[in-house]
Every structure is written in structure tokens, then in C-alpha cells.
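Read through the structure below, which is laid out as C-alpha cells, and then see the notes.
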Amino acid sequence: MPERRTVALVTLGCARNEVDSEELAGRLEADGWELVEDAEEADVAVVNTCGFVEAAKKDSVDALLEANDLKGHGRTQAVVAVGCMAERYGKELAEALPEADGVLGFDDYADISDRLQTILNGGIHASHTPRDRRKLLPISPAQRQESAAEVALPGHAPVDLPEGLAPASGPRSPLRRRLDGSPVASVKLASGCDRRCSFCAIPSFRGSFISRRPSDVLNETRWLAEQGVKEVMLVSENNTSYGKDLGDIRLLESLLPELAEVDGIERVRVSYLQPAEMRPGLIDVLTSTPKVVPYFDLSFQHSAPAVLRSMRRFGDTDRFLELLDTIRGKAPEAGVRSNFIVGFPGETEADLAELERFLNGARLDAIGVFGYSDEEGTEAATYDNKLAEDLVAERLARVSRLAEELVSQRAEERVGQTVRVLVESVDGDEGACGRGAHQAPETDGQVLFTNGEDLSVGLMVEAKVVGTEGVDLVAEVLPGSLASPACTEEAAR
């Protein structure tokens, strides 16, 4: 009998990383590794790191050190770093963090089992020297699909794999293994980004934009539905660009209705939308397709024209407000969230006031605010007109206070409304909670039930909003709501 090998995956960062971890889990399980939830019960702890901003990088290092502390106190023998931080820094990270027994880049993912076995056996796998991954694919999007098979693209593992390779489920099994029992799962539409925002380093280590084929996205969604998933969230660095390398920039508009028709899926959500790339047809599909929620995760970043141009982005306060008016004209209760950077080099008091004008008029459901800091390898890091750290901190606190007030006000506007909620947790002490159509997992608020005693995870219910707790809604399940369409259909069978 083969020796038992156990591995735990610890995931940090965004939903895209979560998909990557589940692909790694699928590869490892297919090669005989036993997946365990707790790192202390694993022979190898694999930490999927985030390399986006300094705070995320610190969290990744802390997670690696925490996993390293398990060595010598339990089963854990090795700690391995993968993910964006590992890809971005490679050899440099390995030298700076000797506690990690291995630092693996994206090119190692296809051979992840062999890499971990080598490390577990006491061998050394040389860490890579980072390179600009944008240079791995042709400049022209139309030429990229032919080259894609030769480039490591985490989260793009094929579906309909040969028997015995995919995790057991059925003929549509992708090379993916779910790591939790959540009724929500992310599905990758694409990887990489062709935008050149001056503050962002992601394209350099994630590469140029490349779409997954619609058939792969559909088949993976069908497989997830077989696993009990009720909501899929489409993720990439920029979903509005989906299909441009497949010859159809409007491919998302035709794919969404097909995803909504997948048996067992009750909600389809799209994240990561670029305001400058929004088009009427996409807005129509997002606001009128049954089961596709009218949710707009729009990357505004700022609204003062001078700051946006310095960021190498487009738009202004009035154009952004017009976009929101268009969306709400079609779906008055649409959910909208965004992130903003304050204290960007050259930002004036007038620019900040312009951002505050936008925030006051935008009625956003969720707002993330970040203070600018230099990111290695970005254009903005070379700018001369940087603001003092204490001024950036002051502006961050000021806009964060405003954002907190505004999202609380927006939540209060929903009191009295009926919302359709996917139940995500039921706790005997804390009660049940879930999310409405305007709330994405992790990043937005949630719905807290006043009468959730009979609820179960994965159920979709109608509830009336009766109060708020900051950005969260307090709601009571409506009589008869437990007999949701999905439950009725199941009973009929």
C-alpha cells in the first residue's frame, strides 16, 4: 500500500486565488495526496500567497511563519509558498524567508505533486527568477489562444479530462477539488490584464489577458452544480474584457444566459468590471437575465480627472454618476460596490473633495478605501509628487469615515424591501445569515435573520428587511418562503 501523504492548502487573497487552490487540490488528489483541512495534520502545508499590496504580503509572510511553527510539534514536515507573492518574488522570497522549504511559481503548478514530494524527501527545488509574464503571450489578443497551451495559467485547467485524472464526479469533472462545503463558488473567466494602471503590478506577474473558452466555463459550472453549489461568481482581473482574444468582445453577454440555465444554479454573479469598458448590451444582460443578479463590482479607484489620468485610467465624477443612473434606471435595487485609492501622488485637496462629491452621490452598497503606497515595479512608484505618509493616513481616515456612513445609509434605504437571500451559515448560538443579490461574498455586507431557526445552508429564501447593523441587513424570513422553487422541484422528483 502506498505511503499516506497529506497536504493542507492555506489560501490568502482574492477569489481568484481560491480557484487556484482548488485546482492545486485537484492535481494533488489525482496523484494520491490526501487533503486535510488543518495544516498541523498535514505532511506539507502549502500557503497560497497574495502579492497585491504590502498588507497582503505581510499576511502571507505571517501565514508562512505560522505554518513553520508547526514543524517539530506535529505531523507537519514542510512549508511551501505558492501563489502571487511566490511568483512575483521567487528566489528573492526564498532567500529572505528561509523558513519556507520551497517557493514555487506558476510554472511549477502542473508538476505540483512531484515538487512537494521532492521537498518532503528533503530535496531542494530551486526557486525561479521572476520575469515579466506579459511577455509570455503575443501582444495581439487574437493570437494568444494558440500560445496558451504553452503558458502556465493557474485556474485554467481543462474539463472533460481523461478518466482517472479528474477528481471523481462525472464526465464533466474539471481538475479541481472543492475545499469547503459552501453553496458559493468562484469560476475563472480569464487570467491576466492588459490594462496598465500606474499603481498596479498585477499584470507583470499574472501576465496578459487571456480568456477561458465558454465551453470550459459552462462545464465547470455544471460540475460545481453537481457538488451542491447554488451561486457561481465569475472572476478574473477584468471581466469586461472577456472574449476579446476569442474574437468576440461581447461573449460575456451570450455566456451569462447559458450559465443561468445550468441545472441547480440559482444565482450567477459577475465581479471585477471596468467602468470604462461597460457597454449598453452588458448592462442590459446584467439587469434583465433571470438568475443573473444585477450586481456591479465597478473599479472606479477615484473620480477626480487629474488623479485618474495619473493612474492611467479614464472617466470623471459626472460620467461615473451617469453610468450608475443608467444601471439603476434598468434595475433600481442593483447592488454596486467599488474600491478607491486616496493620497495618490499629486492628489490635491480639490481632487479629494471631488472624490467625496462622487461618493455622496453614488449610493454605493460597499466601499473599500486604501491609502496609496508605492508598489515595486509600478510607474507610480517613480512619480516625484508623492504625499507625506501622515497626510495619506489623514485622508484615508477621513474618506473611510465617510464611506462607513454612506454604506450604512444605503443599507437603511433597503429597510422595508423584500430580498432573496442565499443562506450561507446556520449557527445555534449566533443564528443564521446569508447574502442578498446586492452582496458578494467576503467583500460586502450580509443578511442577518431574526427567525432563522428552520433554515439550512444552501437554501434560497425571501425575507423582509426590518433593520440594519451598519452595512448588514437584518431581515425576517417571509411565511412560505422555505418552499423555494428549488425545494419544490426537488420534492416533485
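Residue numbering restarts at 1 for every chain of the C-alpha cells, chains are lettered A, B, ... in their displayed order, and ligands are numbered from 1 as they appear.
Excluding region 80-84 of chain A itself and same-chain residues fewer than 4 positions from it, the residues having an atom within 6 Å of it are Val46, Val47, Asn48, Thr49, Cys50, Gly51, Arg88, Ala100, Asp101, Gly102, Val103 and Leu104 of chain A, counting only C-alpha atoms.
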Q: Skip Thr76 (chain A) itself and residues of its chain fewer than 2 positions away, then list as a ChimeraX atom specification all residues within 6 Å of it, counting only C-alpha atoms.
A: /A:40,42-44,71,74,78
Would you list the contacts of Met460 (chain A) as a PDB file with N, CA, C and O atoms, in the first residue's frame, taking every protein, DNA or RNA residue within 7 Å and counting only C-alpha atoms, but skipping same-chain residues closer than 5 positions in sequence?
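Okay, this is what ended up in selection.pdb:
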```
ATOM      1  N   ARG A 420     -34.086  38.432  -1.773  1.00  0.00           N
ATOM      2  CA  ARG A 420     -33.901  36.988  -1.936  1.00  0.00           C
ATOM      3  C   ARG A 420     -32.513  36.659  -1.404  1.00  0.00           C
ATOM      4  O   ARG A 420     -31.508  37.184  -1.894  1.00  0.00           O
ATOM      5  N   VAL A 421     -32.456  35.784  -0.432  1.00  0.00           N
ATOM      6  CA  VAL A 421     -31.221  35.549   0.313  1.00  0.00           C
ATOM      7  C   VAL A 421     -30.781  34.099   0.197  1.00  0.00           C
ATOM      8  O   VAL A 421     -31.579  33.174   0.373  1.00  0.00           O
ATOM      9  N   LEU A 422     -29.509  33.906  -0.088  1.00  0.00           N
ATOM     10  CA  LEU A 422     -28.910  32.572  -0.065  1.00  0.00           C
ATOM     11  C   LEU A 422     -28.340  32.345   1.330  1.00  0.00           C
ATOM     12  O   LEU A 422     -27.458  33.088   1.783  1.00  0.00           O
ATOM     13  N   VAL A 423     -28.843  31.344   2.024  1.00  0.00           N
ATOM     14  CA  VAL A 423     -28.377  31.048   3.386  1.00  0.00           C
ATOM     15  C   VAL A 423     -26.992  30.421   3.310  1.00  0.00           C
ATOM     16  O   VAL A 423     -26.780  29.428   2.612  1.00  0.00           O
ATOM     17  N   SER A 484     -39.029  27.176  -1.381  1.00  0.00           N
ATOM     18  CA  SER A 484     -38.452  27.882  -2.532  1.00  0.00           C
ATOM     19  C   SER A 484     -38.635  27.039  -3.772  1.00  0.00           C
ATOM     20  O   SER A 484     -38.878  25.843  -3.708  1.00  0.00           O
TER      21      SER A 484
END
```
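The coordinates place CA of Gly371 (chain A) at 10.5 Å from CA of Asp390 (chain A).
Going from CA of Ser198 (chain A) over to CA of Thr326 (chain A), you cover 28.6 Å.
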(Q) Excluding Gly243 (chain A) and its own-chain neighbours fewer than 2 positions away, which residues fall within 9 Å of it when counting only C-alpha atoms? Please give them as number ranges by chain. (A) A: 190, 210-214, 240-241, 245-252
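Pairwise distance (CA of Asp384 (chain A), CA of Lys57 (chain A)) equals 24.8 Å.
Taking only C-alpha atoms into account, Glu277 (chain A) lies nearest to A:Phe320 out of the set A:Glu231, A:Ala260, A:Phe320, A:Pro154.
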Q. What's the 8 Å shell around region 351-357 of chain A, counting only C-alpha atoms, without same-chain residues fewer than 2 positions away, as a VMD selection string?
A. chain A and resid 302 to 304 306 to 307 317 342 347 to 349 359 to 361 399
Output file for the selection above: N, CA, C and O atoms, as a short mmCIF file (atom, residue, chain, number, x, y, z; two decimals), in the first residue's frame:
```cif
data_model
loop_
_atom_site.label_atom_id
_atom_site.label_comp_id
_atom_site.auth_asym_id
_atom_site.auth_seq_id
_atom_site.Cartn_x
_atom_site.Cartn_y
_atom_site.Cartn_z
N HIS A 302 -10.98 56.27 -8.26
CA HIS A 302 -11.04 57.69 -7.91
C HIS A 302 -12.07 58.31 -8.84
O HIS A 302 -12.66 57.61 -9.68
N SER A 303 -12.33 59.61 -8.69
CA SER A 303 -13.24 60.25 -9.65
C SER A 303 -12.74 61.61 -10.12
O SER A 303 -13.34 62.21 -11.00
N ALA A 304 -11.64 62.10 -9.53
CA ALA A 304 -11.07 63.37 -9.98
C ALA A 304 -10.30 63.12 -11.28
O ALA A 304 -9.41 62.26 -11.31
N ALA A 306 -7.84 64.53 -12.92
CA ALA A 306 -6.38 64.61 -12.91
C ALA A 306 -5.76 63.37 -12.26
O ALA A 306 -4.75 62.85 -12.74
N VAL A 307 -6.36 62.91 -11.17
CA VAL A 307 -5.85 61.72 -10.50
C VAL A 307 -6.03 60.49 -11.38
O VAL A 307 -5.12 59.66 -11.51
N THR A 317 -16.23 62.22 -12.28
CA THR A 317 -17.39 62.12 -11.39
C THR A 317 -18.70 62.06 -12.15
O THR A 317 -19.54 61.17 -11.93
N VAL A 342 -6.80 56.73 -2.00
CA VAL A 342 -6.63 58.13 -1.62
C VAL A 342 -5.15 58.39 -1.34
O VAL A 342 -4.39 57.48 -1.02
N GLU A 347 -2.33 64.10 -5.68
CA GLU A 347 -3.73 64.35 -5.30
C GLU A 347 -3.83 65.64 -4.48
O GLU A 347 -3.15 65.79 -3.46
N THR A 348 -4.67 66.57 -4.92
CA THR A 348 -4.85 67.83 -4.21
C THR A 348 -6.08 67.75 -3.30
O THR A 348 -6.87 66.80 -3.38
N GLU A 349 -6.25 68.78 -2.49
CA GLU A 349 -7.44 68.85 -1.65
C GLU A 349 -8.69 68.94 -2.52
O GLU A 349 -9.74 68.35 -2.20
N LEU A 359 -18.71 60.11 -4.07
CA LEU A 359 -19.18 59.14 -3.08
C LEU A 359 -20.54 59.54 -2.51
O LEU A 359 -21.42 58.68 -2.30
N ASN A 360 -20.74 60.81 -2.27
CA ASN A 360 -22.01 61.28 -1.73
C ASN A 360 -23.17 61.09 -2.72
O ASN A 360 -24.31 60.92 -2.31
N GLY A 361 -22.85 61.12 -4.01
CA GLY A 361 -23.92 60.96 -5.00
C GLY A 361 -24.10 59.56 -5.52
O GLY A 361 -25.10 59.26 -6.16
N VAL A 399 -11.80 59.66 4.46
CA VAL A 399 -12.67 59.05 3.45
C VAL A 399 -13.26 57.75 3.98
O VAL A 399 -14.41 57.41 3.66
#
```
Q. Skipping near chain neighbours, those fewer than 2 positions away, what residues fall within 8 Å of region 285-294 of chain A using only C-alpha atoms, listed as a PyMOL selection string?
A. chain A and resi 253+256-257+260+266-269+281-283+296+327+330-331+334-335+437-438
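Candidate residues A:Pro158, A:Pro183, A:Gly428, A:Gly192 were compared for distance to Glu453 (chain A), and the nearest is A:Gly428, using only C-alpha atoms.
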Q.
At a cut-off of 12 Å, using only C-alpha atoms, what residues contact Arg309 (chain A)? Leave out same-chain residues fewer than 4 positions from it and give the result as a VMD selection string.
A. chain A and resid 196 to 199 301 to 305 313 to 316 344 to 347 380
Put those residues in a file: N, CA, C and O atoms, as an mmCIF file, in the first residue's frame.
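Printed below is again.cif as written:
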```cif
data_model
loop_
_atom_site.group_PDB
_atom_site.id
_atom_site.type_symbol
_atom_site.label_atom_id
_atom_site.label_comp_id
_atom_site.auth_asym_id
_atom_site.auth_seq_id
_atom_site.Cartn_x
_atom_site.Cartn_y
_atom_site.Cartn_z
ATOM 1 N N ARG A 196 -2.873 49.084 -18.027
ATOM 2 C CA ARG A 196 -1.571 49.499 -17.496
ATOM 3 C C ARG A 196 -1.737 50.587 -16.444
ATOM 4 O O ARG A 196 -1.134 51.655 -16.510
ATOM 5 N N CYS A 197 -2.592 50.316 -15.469
ATOM 6 C CA CYS A 197 -2.790 51.260 -14.368
ATOM 7 C C CYS A 197 -1.442 51.494 -13.690
ATOM 8 O O CYS A 197 -0.710 50.540 -13.391
ATOM 9 N N SER A 198 -1.127 52.744 -13.437
ATOM 10 C CA SER A 198 0.220 53.084 -12.970
ATOM 11 C C SER A 198 0.525 52.610 -11.557
ATOM 12 O O SER A 198 1.685 52.564 -11.161
ATOM 13 N N PHE A 199 -0.510 52.215 -10.795
ATOM 14 C CA PHE A 199 -0.300 51.808 -9.404
ATOM 15 C C PHE A 199 -0.277 50.289 -9.233
ATOM 16 O O PHE A 199 -0.041 49.790 -8.136
ATOM 17 N N GLN A 301 -11.747 53.498 -8.483
ATOM 18 C CA GLN A 301 -10.436 53.899 -7.947
ATOM 19 C C GLN A 301 -10.350 55.370 -7.525
ATOM 20 O O GLN A 301 -9.715 55.700 -6.547
ATOM 21 N N HIS A 302 -10.983 56.268 -8.255
ATOM 22 C CA HIS A 302 -11.040 57.691 -7.913
ATOM 23 C C HIS A 302 -12.069 58.313 -8.836
ATOM 24 O O HIS A 302 -12.658 57.614 -9.682
ATOM 25 N N SER A 303 -12.331 59.605 -8.694
ATOM 26 C CA SER A 303 -13.243 60.255 -9.649
ATOM 27 C C SER A 303 -12.736 61.609 -10.116
ATOM 28 O O SER A 303 -13.338 62.212 -11.002
ATOM 29 N N ALA A 304 -11.642 62.096 -9.532
ATOM 30 C CA ALA A 304 -11.066 63.368 -9.979
ATOM 31 C C ALA A 304 -10.298 63.116 -11.277
ATOM 32 O O ALA A 304 -9.405 62.255 -11.311
ATOM 33 N N PRO A 305 -10.593 63.844 -12.360
ATOM 34 C CA PRO A 305 -9.961 63.576 -13.658
ATOM 35 C C PRO A 305 -8.438 63.575 -13.623
ATOM 36 O O PRO A 305 -7.802 62.694 -14.213
ATOM 37 N N ARG A 313 -6.057 55.895 -16.057
ATOM 38 C CA ARG A 313 -7.429 55.420 -16.132
ATOM 39 C C ARG A 313 -8.300 56.516 -16.736
ATOM 40 O O ARG A 313 -7.826 57.623 -17.008
ATOM 41 N N PHE A 314 -9.585 56.210 -16.921
ATOM 42 C CA PHE A 314 -10.477 57.124 -17.625
ATOM 43 C C PHE A 314 -11.713 57.428 -16.788
ATOM 44 O O PHE A 314 -12.052 56.698 -15.870
ATOM 45 N N GLY A 315 -12.393 58.514 -17.155
ATOM 46 C CA GLY A 315 -13.650 58.856 -16.503
ATOM 47 C C GLY A 315 -13.537 60.072 -15.616
ATOM 48 O O GLY A 315 -12.488 60.702 -15.481
ATOM 49 N N ASP A 316 -14.663 60.408 -14.993
ATOM 50 C CA ASP A 316 -14.733 61.504 -14.033
ATOM 51 C C ASP A 316 -16.026 61.345 -13.244
ATOM 52 O O ASP A 316 -16.839 60.454 -13.512
ATOM 53 N N PHE A 344 -3.048 59.460 -3.606
ATOM 54 C CA PHE A 344 -2.229 59.137 -4.773
ATOM 55 C C PHE A 344 -1.290 60.308 -5.076
ATOM 56 O O PHE A 344 -1.623 61.472 -4.815
ATOM 57 N N PRO A 345 -0.097 60.045 -5.601
ATOM 58 C CA PRO A 345 0.838 61.141 -5.896
ATOM 59 C C PRO A 345 0.167 62.265 -6.688
ATOM 60 O O PRO A 345 -0.474 62.026 -7.713
ATOM 61 N N GLY A 346 0.317 63.485 -6.177
ATOM 62 C CA GLY A 346 -0.246 64.650 -6.844
ATOM 63 C C GLY A 346 -1.685 64.959 -6.485
ATOM 64 O O GLY A 346 -2.227 65.986 -6.918
ATOM 65 N N GLU A 347 -2.332 64.101 -5.683
ATOM 66 C CA GLU A 347 -3.729 64.354 -5.305
ATOM 67 C C GLU A 347 -3.827 65.636 -4.482
ATOM 68 O O GLU A 347 -3.155 65.787 -3.463
ATOM 69 N N ALA A 380 3.814 54.403 -10.914
ATOM 70 C CA ALA A 380 3.541 55.382 -9.863
ATOM 71 C C ALA A 380 4.661 55.451 -8.830
ATOM 72 O O ALA A 380 4.883 56.505 -8.218
#
```
